[in-house]
Amino acid sequence: MRKYEIAVLSKGAFARTVRIYSPKHADRALIMHDGQNAFDDADASYGKSWRMLDAVRALGIKNVAIIGIDSTTTRLNDYIPFPSELEKYGFPNFGGNAEVYFDYLESIILPYLDKRFGYGRYAMLGSSAGAIATLCFAARKPAKFSAYGMFSTPLFLSGDAFDRFLNAAQFDASALYRIYTGGSERVGKPEYGEQVENMFVADAFKLTDALRNKGIKDLTLAVDNTGIHDETCWREPACAFLSEFSKLK
């Protein structure tokens, strides 16, 4: 695995650390948000990673590269395209800068990967705010992308805006979509969780129904009743997603 710092000097003038695991014969790549959480517990934001290299080894996968793009302190602004709607619960405002991040992916990161490695297809996987970024990036119908994993997608952060977005957005109906949520997930402020129960589960069903109404066929929703909002609970569905992507023709 190699670590790169790839900077863009326009469209926001920001840089991200990009962690690249690319087997010799990889013909496709999985793009992961919050890249610091993708591989090693020591690097992860909260000391718990997805352990994607363990998944690759356990599954015997040799044709998929994993590209982890680190997030920074501007994470919520970078991943969420709409201003938050949680002021009444005492949360600070955030969101609204995702188009800059998406432009960075499409104009800097993906062309670099194409030139350096020549991958023939891509998938994208994200959790929480990273799942929102995956959803909204998918609506751009980017070239070569054929699979999207969205785990614990908190549409409630900008509920009205996402209702409008899901009504208007178009997606690649031929791609694979995998949605996961935990039945025991809660947001940080207990008083919000008390007022609205099972927010993540409700949003997972909302998202699944919206995508199905767009004509998407290869779509599944998995709910783990004991799952919490944590990388340890996202590892198993990530393994399943990785395996499916590795076998796509």
# chains A, B, ... in the order shown; residues from 1 in each chain; ligands from 1

$ select_by_dssp --residues "stretch 172-229 of chain A" --states "strand (DSSP E or B)" --output "list in words"
Leu176, Tyr177, Arg178, Ile179, Tyr180, Thr181, Gly182, Leu219, Thr220, Leu221, Ala222, Val223 and Asp224 of chain A

$ residues_around --residues "A:Phe241" --least-positions-apart "4" --cutoff "8 Å" --atoms "only C-alpha atoms" --output "PDB file with C-alpha atoms, in the first residue's frame"
ATOM      1  CA  GLY A 149     -22.409   0.915  -1.167  1.00  0.00           C
ATOM      2  CA  ARG A 178     -26.187  -2.038  -1.600  1.00  0.00           C
ATOM      3  CA  PRO A 237     -21.382  -5.783   4.793  1.00  0.00           C
ATOM      4  CA  PHE A 245     -17.865  -5.979  -6.977  1.00  0.00           C
TER       5      PHE A 245
END

$ residues_around --residues "A:Ser243" --least-positions-apart "6" --cutoff "10 Å" --atoms "only C-alpha atoms" --output "PyMOL selection string"
chain A and resi 55-56+59-61+64+237

$ write_last_selection --atoms "N, CA and C atoms" --output "PDB file, in the first residue's frame"
ATOM      1  N   ALA A  55     -10.088  -8.086   4.753  1.00  0.00           N
ATOM      2  CA  ALA A  55     -11.181  -8.580   3.911  1.00  0.00           C
ATOM      3  C   ALA A  55     -10.645  -9.106   2.585  1.00  0.00           C
ATOM      4  N   VAL A  56      -9.721  -8.366   1.982  1.00  0.00           N
ATOM      5  CA  VAL A  56      -9.133  -8.788   0.709  1.00  0.00           C
ATOM      6  C   VAL A  56      -8.455 -10.145   0.863  1.00  0.00           C
ATOM      7  N   LEU A  59     -11.000 -13.058   1.554  1.00  0.00           N
ATOM      8  CA  LEU A  59     -11.794 -13.406   0.380  1.00  0.00           C
ATOM      9  C   LEU A  59     -10.941 -13.885  -0.786  1.00  0.00           C
ATOM     10  N   GLY A  60      -9.623 -13.703  -0.695  1.00  0.00           N
ATOM     11  CA  GLY A  60      -8.742 -14.096  -1.784  1.00  0.00           C
ATOM     12  C   GLY A  60      -8.900 -13.244  -3.029  1.00  0.00           C
ATOM     13  N   ILE A  61      -9.251 -11.987  -2.846  1.00  0.00           N
ATOM     14  CA  ILE A  61      -9.505 -11.094  -3.981  1.00  0.00           C
ATOM     15  C   ILE A  61      -8.194 -10.499  -4.483  1.00  0.00           C
ATOM     16  N   VAL A  64      -9.113  -6.308  -7.289  1.00  0.00           N
ATOM     17  CA  VAL A  64      -9.699  -5.045  -6.846  1.00  0.00           C
ATOM     18  C   VAL A  64      -8.674  -4.221  -6.076  1.00  0.00           C
ATOM     19  N   PRO A 237     -20.745  -6.148   6.063  1.00  0.00           N
ATOM     20  CA  PRO A 237     -21.382  -5.783   4.793  1.00  0.00           C
ATOM     21  C   PRO A 237     -20.387  -5.244   3.775  1.00  0.00           C
TER      22      PRO A 237
END

$ residues_around --residues "stretch 26-28 of chain A" --least-positions-apart "3" --cutoff "6 Å" --atoms "only C-alpha atoms" --output "PyMOL selection string"
chain A and resi 23+63-65+119-122

$ residues_around --residues "A:Tyr46" --least-positions-apart "6" --cutoff "12 Å" --atoms "only C-alpha atoms" --output "PyMOL selection string"
chain A and resi 34+36-38+40+229-232

$ residues_around --residues "A:Leu76" --least-positions-apart "3" --cutoff "9 Å" --atoms "only C-alpha atoms" --output "PyMOL selection string"
chain A and resi 73+79-80+94-98+129-130

$ write_last_selection --atoms "C-alpha atoms" --output "CSV table (one decimal), in the first residue's frame"
chain,number,residue,atom,x,y,z
A,73,THR,CA,-12.0,18.7,9.6
A,79,TYR,CA,-19.7,15.2,2.0
A,80,ILE,CA,-23.1,16.8,2.4
A,94,PHE,CA,-22.8,22.3,8.2
A,95,GLY,CA,-23.1,21.0,4.7
A,96,GLY,CA,-23.2,22.6,1.3
A,97,ASN,CA,-19.7,22.2,-0.2
A,98,ALA,CA,-20.0,18.7,-1.7
A,129,ALA,CA,-21.9,11.3,5.8
A,130,GLY,CA,-19.7,9.3,3.4

$ closest_atom_pairs --of "stretch 10-77 of chain A" --to "stretch 133-147 of chain A" --cutoff "9 Å" --atoms "only C-alpha atoms" --output "Markdown table"
| residue | atom | partner | partner_atom | distance |
| --- | --- | --- | --- | --- |
| A:Leu30 | CA | A:Ala147 | CA | 8.9 |
| A:Met32 | CA | A:Thr134 | CA | 9.0 |
| A:His33 | CA | A:Ala133 | CA | 8.1 |

$ residues_around --residues "A:Phe162" --least-positions-apart "2" --cutoff "12 Å" --atoms "only C-alpha atoms" --output "list of chain:residue names"
A:Ile80, A:Pro81, A:Phe82, A:Pro83, A:Ser84, A:Glu85, A:Ile132, A:Leu135, A:Cys136, A:Thr153, A:Pro154, A:Leu155, A:Phe156, A:Leu157, A:Ser158, A:Gly159, A:Asp160, A:Arg164, A:Phe165, A:Leu166, A:Asn167, A:Ala168, A:Ala169, A:Asp203, A:Lys206, A:Leu207, A:Ala210

$ write_last_selection --atoms "C-alpha atoms" --output "short mmCIF file (atom, residue, chain, number, x, y, z; two decimals), in the first residue's frame"
data_model
loop_
_atom_site.label_atom_id
_atom_site.label_comp_id
_atom_site.auth_asym_id
_atom_site.auth_seq_id
_atom_site.Cartn_x
_atom_site.Cartn_y
_atom_site.Cartn_z
CA ILE A 80 -23.13 16.76 2.39
CA PRO A 81 -24.44 18.90 -0.48
CA PHE A 82 -27.22 20.66 1.41
CA PRO A 83 -27.21 22.84 4.54
CA SER A 84 -28.15 20.91 7.67
CA GLU A 85 -31.65 21.18 9.13
CA ILE A 132 -24.46 10.64 1.57
CA LEU A 135 -25.43 8.70 -3.01
CA CYS A 136 -25.04 12.21 -4.37
CA THR A 153 -27.11 6.98 5.43
CA PRO A 154 -28.37 9.89 7.61
CA LEU A 155 -30.79 11.62 5.26
CA PHE A 156 -32.37 13.24 8.33
CA LEU A 157 -29.44 15.67 8.49
CA SER A 158 -31.11 17.60 5.65
CA GLY A 159 -34.44 15.84 5.45
CA ASP A 160 -36.48 18.22 3.30
CA ARG A 164 -36.48 16.98 -3.08
CA PHE A 165 -33.16 15.50 -4.25
CA LEU A 166 -34.44 11.92 -4.34
CA ASN A 167 -37.53 13.02 -6.22
CA ALA A 168 -35.53 14.80 -8.93
CA ALA A 169 -32.25 12.85 -9.20
CA ASP A 203 -33.90 6.56 6.16
CA LYS A 206 -36.74 5.68 2.35
CA LEU A 207 -33.57 5.48 0.29
CA ALA A 210 -36.63 5.96 -3.76
#

$ closest_residue --among "A:Leu125, A:Glu236, A:Tyr180, A:Ile31" --to "A:Glu106" --atoms "only C-alpha atoms"
A:Ile31

$ closest_residue --among "A:Ala204, A:Leu219, A:Asn93, A:Glu99" --to "A:Asp78" --atoms "only C-alpha atoms"
A:Glu99

$ closest_residue --among "A:Asp70, A:Ala29, A:Leu221, A:Trp234" --to "A:Asp43" --atoms "only C-alpha atoms"
A:Asp70

$ atom_distance --atom1 "atom CA of A:Thr226" --atom2 "atom CA of A:Ser49"
18.8 Å

$ closest_atom_pairs --of "stretch 69-128 of chain A" --to "stretch 13-22 of chain A" --cutoff "8 Å" --atoms "only C-alpha atoms" --output "CSV"
residue,atom,partner,partner_atom,distance
A:Ile69,CA,A:Val18,CA,4.6
A:Asp70,CA,A:Thr17,CA,5.4
A:Ser71,CA,A:Arg16,CA,7.1
A:Thr72,CA,A:Arg16,CA,7.9

$ write_last_selection --atoms "C-alpha atoms" --output "PDB file, in the first residue's frame"
ATOM      1  CA  ILE A  69      -9.443   9.255   0.311  1.00  0.00           C
ATOM      2  CA  ASP A  70      -8.923  10.805   3.731  1.00  0.00           C
ATOM      3  CA  SER A  71     -11.412  13.246   5.182  1.00  0.00           C
ATOM      4  CA  THR A  72     -10.432  16.327   7.150  1.00  0.00           C
TER       5      THR A  72
END

$ atom_distance --atom1 "atom CA of A:Glu244" --atom2 "atom CA of A:Ile216"
16.7 Å
